[in-house]
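Coordinates as given in target30.txt (compact mmCIF, C-alpha atoms):
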```
# COMPACT_ATOMS: atom_id res chain seq x y z
CA MET A 287 -7.90 45.17 46.06
CA ASP A 288 -10.45 42.91 44.36
CA GLU A 289 -9.29 40.46 41.75
CA VAL A 290 -10.28 41.36 38.21
CA ARG A 291 -12.97 39.15 36.76
CA ILE A 292 -12.13 37.55 33.41
CA ILE A 293 -14.79 36.31 31.00
CA GLU A 294 -13.82 33.97 28.17
CA ILE A 295 -15.99 35.16 25.28
CA LYS A 296 -17.41 32.50 22.96
CA LYS A 297 -17.72 32.89 19.23
CA SER A 298 -21.15 34.14 18.21
CA ILE A 299 -23.67 31.81 16.70
CA PHE A 300 -25.93 34.61 15.48
CA GLU A 301 -25.99 34.96 11.75
CA ASP A 302 -27.45 38.40 11.51
CA ASN A 303 -25.23 40.59 13.64
CA ASP A 304 -26.83 43.86 12.49
CA LYS A 305 -30.26 42.74 13.65
CA ASP A 306 -28.85 41.49 16.94
CA ALA A 307 -26.98 44.77 17.44
CA ASP A 308 -30.16 46.82 16.89
CA LYS A 309 -31.94 44.63 19.44
CA LEU A 310 -29.21 45.12 22.02
CA ARG A 311 -29.18 48.90 21.38
CA GLU A 312 -32.94 48.99 21.94
CA GLU A 313 -32.66 47.00 25.18
CA LEU A 314 -30.00 49.37 26.50
CA ARG A 315 -32.12 52.38 25.51
CA SER A 316 -35.10 50.99 27.42
CA LYS A 317 -32.85 50.61 30.47
CA GLY A 318 -31.45 54.15 30.08
CA VAL A 319 -27.89 52.82 29.73
CA PHE A 320 -25.49 54.53 27.31
CA LEU A 321 -22.93 52.12 25.83
CA LEU A 322 -19.82 53.56 24.21
CA ASN A 323 -17.72 51.32 21.93
CA LEU A 324 -14.15 52.60 22.11
CA MET A 325 -11.81 51.46 19.34
CA SER A 326 -8.25 52.22 18.26
CA ALA A 327 -4.97 50.74 17.08
CA PRO A 328 -2.83 49.00 19.73
CA GLY A 329 -1.12 51.43 22.07
CA SER A 330 -3.02 54.61 21.20
CA GLY A 331 -3.91 55.19 24.85
CA LYS A 332 -7.46 53.82 25.26
CA THR A 333 -7.02 52.68 28.86
CA THR A 334 -5.18 55.80 30.05
CA THR A 335 -7.86 57.97 28.40
CA LEU A 336 -10.56 55.96 30.14
CA CYS A 337 -8.91 56.25 33.56
CA LYS A 338 -8.70 60.05 33.30
CA THR A 339 -12.23 60.38 31.91
CA ILE A 340 -13.84 58.04 34.43
CA ASN A 341 -12.23 59.92 37.32
CA ALA A 342 -13.69 63.15 35.89
CA LEU A 343 -17.16 61.61 35.64
CA LYS A 344 -17.56 59.02 38.39
CA ASP A 345 -18.99 61.40 40.99
CA SER A 346 -21.82 62.41 38.65
CA MET A 347 -22.77 59.00 37.22
CA LYS A 348 -22.31 55.26 37.69
CA ILE A 349 -19.87 53.73 35.24
CA ALA A 350 -18.84 50.18 34.29
CA VAL A 351 -16.09 49.08 31.92
CA MET A 352 -15.53 46.01 29.73
CA GLU A 353 -11.95 45.53 28.56
CA ALA A 354 -11.61 43.25 25.54
CA ASP A 355 -8.23 41.71 24.77
CA ILE A 356 -6.92 38.53 23.25
CA ASP A 357 -4.94 37.83 26.39
CA SER A 358 -3.87 39.37 29.74
CA ASP A 359 -5.88 41.32 32.31
CA VAL A 360 -3.55 44.34 32.26
CA ASP A 361 -6.28 46.80 31.23
CA ALA A 362 -9.14 45.74 33.52
CA ARG A 363 -6.72 45.77 36.44
CA LYS A 364 -5.51 49.27 35.46
CA ILE A 365 -9.07 50.60 35.34
CA LEU A 366 -9.96 49.04 38.68
CA GLU A 367 -6.80 50.24 40.41
CA ASN A 368 -6.94 53.78 39.00
CA THR A 369 -10.67 54.50 39.19
CA GLY A 370 -12.30 51.91 41.46
CA VAL A 371 -15.24 51.46 39.07
CA GLN A 372 -16.64 48.07 38.10
CA SER A 373 -14.33 46.60 35.45
CA ILE A 374 -14.23 43.20 33.76
CA GLN A 375 -11.81 41.70 31.28
CA LEU A 376 -13.21 39.95 28.20
CA HIS A 377 -10.91 37.41 26.58
CA THR A 378 -11.72 36.99 22.90
CA GLY A 379 -9.78 33.75 22.45
CA GLY A 380 -7.71 35.10 19.56
CA MET A 381 -10.66 36.86 17.90
CA CYS A 382 -9.85 40.23 16.42
CA HIS A 383 -13.12 42.02 17.23
CA LEU A 384 -16.34 41.93 19.24
CA ASP A 385 -19.82 41.67 17.77
CA ALA A 386 -23.21 42.28 19.40
CA GLU A 387 -23.59 38.81 20.92
CA MET A 388 -20.06 38.90 22.35
CA THR A 389 -20.81 42.34 23.78
CA ARG A 390 -23.97 40.91 25.33
CA GLN A 391 -21.89 38.16 27.00
CA GLY A 392 -19.79 40.91 28.51
CA LEU A 393 -22.82 42.92 29.68
CA ASP A 394 -24.21 39.76 31.30
CA GLY A 395 -21.03 39.63 33.38
CA LEU A 396 -21.60 43.14 34.74
CA ASN A 397 -23.94 44.30 37.47
CA LEU A 398 -25.91 46.92 35.50
CA GLU A 399 -28.09 48.09 38.41
CA ASP A 400 -28.18 51.91 38.39
CA VAL A 401 -25.35 51.99 35.82
CA ASP A 402 -25.58 55.03 33.51
CA LEU A 403 -22.58 54.55 31.27
CA VAL A 404 -20.88 51.36 30.07
CA ILE A 405 -17.67 51.64 28.10
CA LEU A 406 -16.51 48.77 25.94
CA GLU A 407 -12.81 48.96 25.16
CA ASN A 408 -12.63 46.92 21.97
CA VAL A 409 -9.62 44.90 20.75
CA GLY A 410 -6.77 47.17 19.57
CA ASN A 411 -7.27 46.93 15.82
CA LEU A 412 -8.23 49.51 13.17
CA VAL A 413 -9.67 46.96 10.74
CA CYS A 414 -11.99 44.22 12.02
CA PRO A 415 -13.80 45.96 14.92
CA ALA A 416 -15.13 48.52 12.41
CA GLU A 417 -16.92 45.76 10.51
CA PHE A 418 -19.03 44.53 13.41
CA ASP A 419 -21.81 46.55 15.06
CA THR A 420 -21.51 45.82 18.80
CA GLY A 421 -24.91 47.29 19.61
CA ALA A 422 -23.25 50.30 21.21
CA SER A 423 -25.14 53.59 21.47
CA LYS A 424 -22.19 55.38 19.86
CA ASN A 425 -18.80 54.51 18.39
CA CYS A 426 -15.66 56.36 19.37
CA MET A 427 -12.08 55.87 18.27
CA ILE A 428 -8.72 57.17 19.37
CA LEU A 429 -6.04 58.08 16.84
CA SER A 430 -2.75 58.95 18.50
CA VAL A 431 -0.30 61.47 17.07
CA PRO A 432 2.61 58.99 16.63
CA GLU A 433 0.43 56.90 14.29
CA GLY A 434 0.36 59.69 11.71
CA HIS A 435 -2.29 61.91 10.16
CA ASP A 436 -2.75 59.66 7.11
CA LYS A 437 -4.65 56.90 8.93
CA PRO A 438 -8.13 57.94 7.66
CA LEU A 439 -6.79 57.29 4.15
CA LYS A 440 -5.67 53.77 5.00
CA TYR A 441 -8.44 52.61 7.36
CA PRO A 442 -11.53 54.22 5.81
CA LEU A 443 -14.24 52.10 7.44
CA MET A 444 -13.05 52.72 11.01
CA PHE A 445 -13.31 56.48 10.52
CA SER A 446 -16.65 56.16 8.68
CA VAL A 447 -18.37 54.33 11.54
CA CYS A 448 -17.13 56.55 14.38
CA ASP A 449 -19.28 59.35 15.79
CA LEU A 450 -16.34 60.70 17.77
CA VAL A 451 -12.61 60.72 17.04
CA LEU A 452 -10.24 61.56 19.90
CA ILE A 453 -6.78 62.62 18.74
CA ASN A 454 -4.51 61.59 21.61
CA LYS A 455 -0.91 62.32 22.63
CA ILE A 456 -1.03 65.89 21.33
CA ASP A 457 1.77 66.69 23.82
CA VAL A 458 4.29 64.91 21.54
CA MET A 459 3.14 66.75 18.40
CA PRO A 460 6.48 68.64 18.16
CA TYR A 461 8.37 65.34 17.81
CA PHE A 462 6.25 63.87 15.02
CA ASP A 463 5.25 64.99 11.52
CA PHE A 464 1.56 65.26 12.34
CA ASP A 465 -0.69 67.81 10.64
CA LEU A 466 -3.77 68.22 12.85
CA LYS A 467 -5.70 70.31 10.31
CA LEU A 468 -5.02 67.84 7.50
CA CYS A 469 -5.97 64.95 9.77
CA GLU A 470 -9.32 66.58 10.56
CA GLU A 471 -9.89 67.07 6.81
CA TYR A 472 -9.18 63.38 6.16
CA ILE A 473 -11.50 62.35 9.01
CA HIS A 474 -14.34 64.50 7.65
CA MET A 475 -13.71 63.09 4.17
CA ARG A 476 -14.63 59.69 5.65
CA ASN A 477 -17.38 60.99 7.94
CA PRO A 478 -18.54 64.61 7.63
CA ASN A 479 -20.49 64.34 10.90
CA ALA A 480 -17.67 63.05 13.10
CA THR A 481 -16.85 65.10 16.17
CA VAL A 482 -13.08 65.54 16.65
CA ILE A 483 -11.53 66.27 20.06
CA PRO A 484 -7.75 66.61 20.49
CA ILE A 485 -6.63 65.32 23.90
CA CYS A 486 -3.59 64.40 25.95
CA ALA A 487 -4.63 61.57 28.25
CA LYS A 488 -1.33 61.79 30.13
CA SER A 489 -1.73 65.45 31.16
CA GLY A 490 -5.53 65.48 31.06
CA GLU A 491 -5.77 68.17 28.36
CA GLY A 492 -9.09 67.94 26.50
CA ILE A 493 -10.48 65.26 28.83
CA ASP A 494 -13.09 67.79 30.05
CA LYS A 495 -14.46 68.00 26.49
CA PHE A 496 -14.69 64.21 26.18
CA ALA A 497 -16.35 64.05 29.61
CA SER A 498 -18.91 66.69 28.53
CA TYR A 499 -19.65 64.71 25.37
CA LEU A 500 -20.34 61.61 27.47
CA LYS A 501 -22.45 63.56 30.02
CA GLN A 502 -24.66 64.91 27.24
CA ASN A 503 -25.11 61.47 25.71
CA VAL A 504 -25.83 59.80 29.03
CA LYS A 505 -28.47 62.47 29.72
CA ALA A 506 -29.99 61.99 26.25
CA ALA A 507 -30.13 58.20 26.78
CA LYS A 508 -32.41 58.77 29.79
CA ALA A 509 -34.71 61.22 28.04
CA MET B 235 7.87 59.51 -11.96
CA ASP B 236 6.08 56.28 -12.81
CA GLU B 237 2.57 55.73 -11.58
CA VAL B 238 2.25 53.20 -8.78
CA ARG B 239 0.70 49.93 -9.86
CA ILE B 240 -2.28 48.82 -7.78
CA ILE B 241 -3.42 45.20 -7.60
CA GLU B 242 -6.87 44.37 -6.24
CA ILE B 243 -6.29 41.17 -4.27
CA LYS B 244 -9.01 38.53 -4.43
CA LYS B 245 -10.04 36.39 -1.50
CA SER B 246 -8.24 33.08 -1.43
CA ILE B 247 -10.00 29.92 -2.47
CA PHE B 248 -7.35 27.62 -1.03
CA GLU B 249 -8.50 25.73 1.99
CA ASP B 250 -5.16 24.68 3.36
CA ASN B 251 -3.19 27.89 3.74
CA ASP B 252 -0.32 26.25 5.64
CA LYS B 253 0.32 23.80 2.82
CA ASP B 254 0.09 26.56 0.24
CA ALA B 255 2.48 28.72 2.26
CA ASP B 256 5.06 25.91 2.46
CA LYS B 257 4.79 25.46 -1.30
CA LEU B 258 5.34 29.17 -1.94
CA ARG B 259 8.31 29.23 0.46
CA GLU B 260 9.87 26.30 -1.40
CA GLU B 261 9.34 28.00 -4.78
CA LEU B 262 11.01 31.17 -3.54
CA ARG B 263 13.91 29.15 -2.09
CA SER B 264 14.46 27.43 -5.44
CA LYS B 265 14.61 30.86 -7.09
CA GLY B 266 17.00 32.19 -4.43
CA VAL B 267 14.54 34.93 -3.42
CA PHE B 268 14.26 35.94 0.24
CA LEU B 269 10.76 37.15 1.17
CA LEU B 270 10.32 39.14 4.38
CA ASN B 271 6.81 39.56 5.81
CA LEU B 272 6.78 42.85 7.73
CA MET B 273 3.95 43.34 10.20
CA SER B 274 2.99 45.93 12.82
CA ALA B 275 0.17 48.00 14.27
CA PRO B 276 -0.96 51.01 12.21
CA GLY B 277 1.49 53.89 12.31
CA SER B 278 4.49 52.11 13.84
CA GLY B 279 6.72 53.25 10.99
CA LYS B 280 6.88 50.30 8.59
CA THR B 281 7.19 52.37 5.42
CA THR B 282 9.73 54.84 6.81
CA THR B 283 11.82 51.93 8.11
CA LEU B 284 11.68 50.29 4.69
CA CYS B 285 12.75 53.47 2.87
CA LYS B 286 15.82 53.87 5.08
CA THR B 287 16.72 50.17 4.92
CA ILE B 288 16.24 49.84 1.16
CA ASN B 289 18.46 52.86 0.54
CA ALA B 290 21.16 51.21 2.70
CA LEU B 291 20.89 47.95 0.73
CA LYS B 292 19.90 48.75 -2.84
CA ASP B 293 23.44 49.06 -4.20
CA SER B 294 24.31 45.57 -3.02
CA MET B 295 21.14 43.70 -4.01
CA LYS B 296 17.96 43.97 -6.10
CA ILE B 297 14.86 44.68 -4.01
CA ALA B 298 11.11 44.74 -4.69
CA VAL B 299 8.32 45.80 -2.34
CA MET B 300 4.62 44.87 -2.00
CA GLU B 301 2.55 47.31 0.06
CA ALA B 302 -0.70 45.85 1.36
CA ASP B 303 -3.44 48.22 2.48
CA ILE B 304 -7.19 48.28 2.56
CA ASP B 305 -7.21 51.49 0.59
CA SER B 306 -4.93 54.25 -0.79
CA ASP B 307 -1.56 53.98 -2.55
CA VAL B 308 0.25 56.24 -0.08
CA ASP B 309 2.84 53.63 0.89
CA ALA B 310 3.79 52.22 -2.51
CA ARG B 311 4.17 55.78 -3.77
CA LYS B 312 6.37 56.68 -0.80
CA ILE B 313 8.66 53.66 -1.42
CA LEU B 314 8.94 54.45 -5.13
CA GLU B 315 9.61 58.15 -4.60
CA ASN B 316 12.12 57.65 -1.79
CA THR B 317 14.04 54.63 -3.02
CA GLY B 318 13.28 54.12 -6.72
CA VAL B 319 12.90 50.35 -6.27
CA GLN B 320 10.08 48.34 -7.80
CA SER B 321 7.00 48.84 -5.62
CA ILE B 322 3.37 47.75 -5.99
CA GLN B 323 0.30 48.42 -3.91
CA LEU B 324 -1.95 45.50 -2.98
CA HIS B 325 -5.53 46.41 -2.13
CA THR B 326 -7.07 43.82 0.15
CA GLY B 327 -10.67 44.93 -0.36
CA GLY B 328 -11.34 45.38 3.34
CA MET B 329 -9.53 42.17 4.33
CA CYS B 330 -7.48 42.46 7.50
CA HIS B 331 -4.56 40.23 6.51
CA LEU B 332 -2.76 38.49 3.65
CA ASP B 333 -2.42 34.73 3.27
CA ALA B 334 -0.13 32.70 0.99
CA GLU B 335 -2.38 32.80 -2.07
CA MET B 336 -2.90 36.56 -1.74
CA THR B 337 0.88 36.97 -1.40
CA ARG B 338 1.30 34.91 -4.56
CA GLN B 339 -1.08 37.27 -6.40
CA GLY B 340 1.19 40.12 -5.33
CA LEU B 341 4.38 38.30 -6.41
CA ASP B 342 2.78 37.61 -9.80
CA GLY B 343 2.43 41.37 -10.20
CA LEU B 344 6.17 41.93 -9.69
CA ASN B 345 9.01 41.40 -12.13
CA LEU B 346 11.13 39.00 -10.05
CA GLU B 347 14.02 38.69 -12.55
CA ASP B 348 17.30 38.98 -10.62
CA VAL B 349 15.42 40.12 -7.52
CA ASP B 350 17.19 39.04 -4.30
CA LEU B 351 14.87 40.43 -1.64
CA VAL B 352 11.11 40.97 -1.66
CA ILE B 353 9.52 42.75 1.25
CA LEU B 354 5.81 42.38 1.92
CA GLU B 355 4.44 45.18 4.06
CA ASN B 356 1.38 43.50 5.56
CA VAL B 357 -1.85 45.30 6.65
CA GLY B 358 -1.31 47.36 9.83
CA ASN B 359 -2.83 45.02 12.39
CA LEU B 360 -1.36 43.09 15.35
CA VAL B 361 -4.02 40.40 15.34
CA CYS B 362 -5.10 38.78 12.07
CA PRO B 363 -1.86 38.86 10.00
CA ALA B 364 -0.23 36.71 12.70
CA GLU B 365 -2.75 33.95 12.06
CA PHE B 366 -1.95 33.47 8.37
CA ASP B 367 1.34 32.13 7.05
CA THR B 368 2.11 34.20 3.93
CA GLY B 369 4.81 31.83 2.69
CA ALA B 370 7.48 34.36 3.64
CA SER B 371 11.02 33.18 4.38
CA LYS B 372 10.93 35.06 7.68
CA ASN B 373 8.49 37.16 9.72
CA CYS B 374 9.43 40.52 11.14
CA MET B 375 7.39 43.00 13.15
CA ILE B 376 7.83 46.56 14.30
CA LEU B 377 6.73 47.65 17.75
CA SER B 378 7.05 51.41 18.21
CA VAL B 379 7.84 53.03 21.56
CA PRO B 380 4.57 55.06 21.78
CA GLU B 381 2.56 51.81 21.65
CA GLY B 382 3.97 50.73 25.02
CA HIS B 383 6.14 47.87 26.27
CA ASP B 384 3.15 45.71 27.29
CA LYS B 385 2.13 44.73 23.76
CA PRO B 386 3.66 41.19 23.88
CA LEU B 387 1.28 40.51 26.78
CA LYS B 388 -1.77 41.58 24.78
CA TYR B 389 -0.92 40.29 21.29
CA PRO B 390 0.86 37.01 22.08
CA LEU B 391 0.58 35.28 18.69
CA MET B 392 2.14 38.16 16.73
CA PHE B 393 5.25 38.07 18.91
CA SER B 394 5.34 34.24 18.83
CA VAL B 395 5.48 34.04 15.03
CA CYS B 396 8.10 36.76 14.48
CA ASP B 397 11.77 35.89 13.96
CA LEU B 398 12.75 39.54 14.30
CA VAL B 399 11.23 42.38 16.33
CA LEU B 400 12.31 45.94 15.50
CA ILE B 401 11.61 48.42 18.30
CA ASN B 402 11.13 51.71 16.48
CA LYS B 403 10.96 55.40 17.49
CA ILE B 404 13.56 54.97 20.24
CA ASP B 405 14.29 58.70 19.85
CA VAL B 406 11.05 59.53 21.69
CA MET B 407 11.75 57.14 24.57
CA PRO B 408 12.17 60.09 27.03
CA TYR B 409 8.58 61.21 26.36
CA PHE B 410 6.91 57.85 26.94
CA ASP B 411 6.84 55.32 29.78
CA PHE B 412 8.61 52.61 27.83
CA ASP B 413 10.84 50.05 29.55
CA LEU B 414 13.08 48.56 26.84
CA LYS B 415 14.50 45.83 29.06
CA LEU B 416 11.05 44.75 30.25
CA CYS B 417 9.78 44.82 26.66
CA GLU B 418 12.60 42.48 25.56
CA GLU B 419 11.70 40.16 28.45
CA TYR B 420 8.05 40.07 27.37
CA ILE B 421 9.08 39.43 23.74
CA HIS B 422 11.32 36.50 24.76
CA MET B 423 8.54 35.14 26.97
CA ARG B 424 6.51 34.79 23.75
CA ASN B 425 9.42 33.70 21.56
CA PRO B 426 12.79 32.91 23.19
CA ASN B 427 14.50 32.86 19.76
CA ALA B 428 13.33 36.27 18.54
CA THR B 429 16.04 38.73 17.55
CA VAL B 430 15.35 42.24 18.89
CA ILE B 431 16.84 45.35 17.26
CA PRO B 432 16.04 48.86 18.59
CA ILE B 433 15.92 51.41 15.77
CA CYS B 434 14.96 54.97 14.93
CA ALA B 435 13.77 54.96 11.33
CA LYS B 436 13.63 58.77 11.30
CA SER B 437 17.31 59.31 12.20
CA GLY B 438 18.54 55.99 10.79
CA GLU B 439 19.84 54.68 14.12
CA GLY B 440 20.00 50.87 14.13
CA ILE B 441 19.10 50.60 10.43
CA ASP B 442 22.63 49.22 9.75
CA LYS B 443 21.84 46.27 12.05
CA PHE B 444 18.54 45.56 10.28
CA ALA B 445 20.31 45.85 6.91
CA SER B 446 23.00 43.36 8.06
CA TYR B 447 20.29 40.94 9.19
CA LEU B 448 18.69 41.10 5.74
CA LYS B 449 22.06 40.77 3.94
CA GLN B 450 22.86 37.59 5.88
CA ASN B 451 19.45 36.12 5.15
CA VAL B 452 19.57 37.01 1.45
CA LYS B 453 23.00 35.36 1.25
CA ALA B 454 21.71 32.26 3.06
CA ALA B 455 18.72 32.05 0.69
CA LYS B 456 21.14 31.68 -2.22
CA ALA B 457 23.36 29.06 -0.55
```
Reformat the file's structure so that it appears as structure tokens.
Amino acid sequence: MDEVRIIEIKKSIFEDNDKDADKLREELRSKGVFLLNLMSAPGSGKTTTLCKTINALKDSMKIAVMEADIDSDVDARKILENTGVQSIQLHTGGMCHLDAEMTRQGLDGLNLEDVDLVILENVGNLVCPAEFDTGASKNCMILSVPEGHDKPLKYPLMFSVCDLVLINKIDVMPYFDFDLKLCEEYIHMRNPNATVIPICAKSGEGIDKFASYLKQNVKAAKA
Amino acid sequence: MDEVRIIEIKKSIFEDNDKDADKLREELRSKGVFLLNLMSAPGSGKTTTLCKTINALKDSMKIAVMEADIDSDVDARKILENTGVQSIQLHTGGMCHLDAEMTRQGLDGLNLEDVDLVILENVGNLVCPAEFDTGASKNCMILSVPEGHDKPLKYPLMFSVCDLVLINKIDVMPYFDFDLKLCEEYIHMRNPNATVIPICAKSGEGIDKFASYLKQNVKAAKA
């Protein structure tokens, strides 16, 4: 098995992140690459969700993954071992988020030839990553059932900036006080246009819907 | 039922947070007040743990709580309704952490007369709050079982700065791949002196041990 490549991300020197993000988004569009920025709190199941989804998609498109973490290469190794797709680890050096320039450093570390879909797994954090446009084509977040249905009330910006909210670990719903309907109401209070897909990454339930969502977006990015 | 008081925290102007934190810690020591800084990822059960623990302690000491969140007053209201102790909500205005000066603004909003124990529930975030000394007497964090046992590998600083790690939601251990022994090893790799207490805030299991820990520290703060 190949060793996982680790890139030590440097702090951005760009002052206008929004402008830089728009530029990166435009570059990706011209290359026909769809970049998904995946965010969540620590431990909500980002990597497991990615493994299941990539295995459902990898025969129909070429995928690459960037795993951002403060330390360790646990996630990039997990992706590589479970899916075989190109996966690199980005070390943020203690930083709590990625911005567009940091994302670009990650993309420069990938071989993007013929790649259709790049997934950036952002740092596990519901606050700071929401404040920085990475240049991604779309933003997605995972909220897991054990975290509680009140999270859109407490972390408004994260839910506002996400096009897609995956509600993960629905298999343990009976063991937690989680009101799915109320949660969807809170999400749409923050972002009326957000798509919500309940999933269970462990069993694979709902992964087909997430995979369809990505297929459609990858197709649209090439149009 | 009283309305919950909300304080809009302003960004600190102090340049040397460490110095300011030491000063605050000394002031609290001279008043015989023990301040616990409670941190965790979103949804790990901080507020539920506090409700159970405060109800176990409130007959033997006077307690006040500061609930920091970006938005909403869900937590301060929950503390007040479930325990009756003095509870205020601190709004951080989008900020991802509290520092010593922000903590001081919160303390200024409390009536500290005869108060033995103040608990600061920090913003739900495993990254940024670890970087800022709040001036608290001790740091405590909650890691919940659904988040996974690998978190000390990914969020090293948080585990390094915590004197006490509560492992919550141990009742759902059978439904998750969580290795308690391995988790304790990872925690002690980051901080060999950390105390680890497994709890279930929902059922109350282990809360007596957390309450004893606080009792001892409150007593020591008055010595």
Query raised in the report: Of the residues A:Lys467, A:Lys348, A:Arg315, A:Lys309, which is the one nearest to Pro484 of chain A, using all atoms listed in the file?
Result: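 Residue with the minimum atom-to-atom distance to Pro484 of chain A: A:Lys467.
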**Report entry** Contacts of Leu314 of chain B at 12 Å (only C-alpha atoms; same-chain gap of 2+ positions) as JSON, numbers by chain
**Finding:** {"B": [235, 236, 237, 238, 239, 281, 282, 284, 285, 288, 289, 297, 298, 299, 300, 301, 307, 308, 309, 310, 311, 312, 316, 317, 318, 319, 320, 321, 322, 323]}
Report task. Starting from the point (-19.1, 38.2, 19.7), work out which residues of protein, DNA or RNA have an atom no more than 9 Å away when counting all atoms listed in the file; state them as a PyMOL selection string. Result -> chain A and resi 295-300+303+378+381+383-391+418+420
Quick one: which chain A residues come within 6 Å of chain B, and what is the nearest atom pair for each with the distance in Å to one decimal, counting only C-alpha atoms, rows ordered by chain and ascending number, as CSV?
```
residue,atom,partner,partner_atom,distance
A:Gly329,CA,B:Glu381,CA,3.7
A:Asp357,CA,B:Lys388,CA,5.2
A:Ser358,CA,B:Lys388,CA,5.8
A:Cys382,CA,B:Val361,CA,5.9
A:Asn411,CA,B:Asn359,CA,5.9
A:Val413,CA,B:Cys330,CA,6.0
A:Glu433,CA,B:Gly277,CA,3.8
A:Gly434,CA,B:Gly277,CA,5.9
A:Lys440,CA,B:Asp305,CA,5.2
```
Go ahead and write the selection's residues with C-alpha atoms as a compact mmCIF listing (two decimals), in the coordinates of the input.
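Output saved as selection_33.txt:
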```
# COMPACT_ATOMS: atom_id res chain seq x y z
CA GLY A 329 -1.12 51.43 22.07
CA ASP A 357 -4.94 37.83 26.39
CA SER A 358 -3.87 39.37 29.74
CA CYS A 382 -9.85 40.23 16.42
CA ASN A 411 -7.27 46.93 15.82
CA VAL A 413 -9.67 46.96 10.74
CA GLU A 433 0.43 56.90 14.29
CA GLY A 434 0.36 59.69 11.71
CA LYS A 440 -5.67 53.77 5.00
```
Query - Atomic distance atom CA of Val395 of chain B - atom CA of Met375 of chain B, expressed in Å with one decimal - result: 9.4 Å
Query raised in the report: Expressed in Å to a single decimal, how great is the separation between atom CA of Gly492 of chain A and atom CA of Asp419 of chain A?
Result: 27.4 Å
Report task. Measure the distance from atom CA of Met475 of chain A to atom CA of Ile240 of chain B in Å and round it to one decimal. Result -> 21.8 Å
Requested in this report: For the point (7.8, 46.1, 6.4) in the file's frame, write as a list in words all residues with an atom no more than 7 Å away, counting only C-alpha atoms.
Outcome: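 Within 7 Å of (7.8, 46.1, 6.4), the protein and nucleic acid residues are Asn271, Leu272, Met273, Lys280, Thr281, Leu284, Ile353, Leu354, Glu355 and Asn356 of chain B.
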Report task. Using only C-alpha atoms, find the one residue out of B:Cys417, B:Leu351, B:Leu398, B:Ala428 that sits nearest to Lys453 of chain B. Result -> B:Leu351
Query raised in the report: From the set B:Leu262, B:Leu341, B:Val267, B:Leu291, which residue has the shortest atom-to-atom contact distance to Ala445 of chain B, counting only C-alpha atoms?
Result: B:Leu291
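Closest approach to Ile433 of chain B among B:Arg259, B:Lys265, B:Lys253, B:Lys286: B:Lys286, based on all atoms listed in the file.
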Query raised in the report: Which is closest to Ile493 of chain A among A:Met459, A:Ala342, A:Cys426, A:Leu396, if we use all atoms listed in the file?
Result: A:Ala342
Rebuild N, CA and C atoms on segment 373-384 of chain B, as an mmCIF file, keeping the file's coordinate frame?
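out.cif written:
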```
data_model
loop_
_atom_site.group_PDB
_atom_site.id
_atom_site.type_symbol
_atom_site.label_atom_id
_atom_site.label_comp_id
_atom_site.auth_asym_id
_atom_site.auth_seq_id
_atom_site.Cartn_x
_atom_site.Cartn_y
_atom_site.Cartn_z
ATOM 1 N N ASN B 373 9.443 36.151 9.248
ATOM 2 C CA ASN B 373 8.490 37.160 9.720
ATOM 3 C C ASN B 373 9.199 38.183 10.585
ATOM 4 N N CYS B 374 8.855 39.431 10.354
ATOM 5 C CA CYS B 374 9.430 40.520 11.140
ATOM 6 C C CYS B 374 8.293 41.435 11.569
ATOM 7 N N MET B 375 8.395 42.012 12.748
ATOM 8 C CA MET B 375 7.390 43.000 13.150
ATOM 9 C C MET B 375 8.066 44.232 13.712
ATOM 10 N N ILE B 376 7.363 45.340 13.663
ATOM 11 C CA ILE B 376 7.830 46.560 14.300
ATOM 12 C C ILE B 376 6.893 46.873 15.456
ATOM 13 N N LEU B 377 7.479 47.103 16.617
ATOM 14 C CA LEU B 377 6.730 47.650 17.750
ATOM 15 C C LEU B 377 7.323 49.033 17.983
ATOM 16 N N SER B 378 6.496 50.065 18.002
ATOM 17 C CA SER B 378 7.050 51.410 18.210
ATOM 18 C C SER B 378 6.852 51.829 19.671
ATOM 19 N N VAL B 379 7.813 52.601 20.151
ATOM 20 C CA VAL B 379 7.840 53.030 21.560
ATOM 21 C C VAL B 379 6.503 53.602 22.048
ATOM 22 N N PRO B 380 5.828 54.498 21.274
ATOM 23 C CA PRO B 380 4.570 55.060 21.780
ATOM 24 C C PRO B 380 3.474 54.026 22.047
ATOM 25 N N GLU B 381 3.581 52.840 21.441
ATOM 26 C CA GLU B 381 2.560 51.810 21.650
ATOM 27 C C GLU B 381 2.654 51.168 23.037
ATOM 28 N N GLY B 382 3.817 51.270 23.670
ATOM 29 C CA GLY B 382 3.970 50.730 25.020
ATOM 30 C C GLY B 382 4.660 49.374 25.064
ATOM 31 N N HIS B 383 5.343 49.102 26.166
ATOM 32 C CA HIS B 383 6.140 47.870 26.270
ATOM 33 C C HIS B 383 5.294 46.641 26.632
ATOM 34 N N ASP B 384 3.988 46.850 26.870
ATOM 35 C CA ASP B 384 3.150 45.710 27.290
ATOM 36 C C ASP B 384 2.530 44.947 26.121
#
```
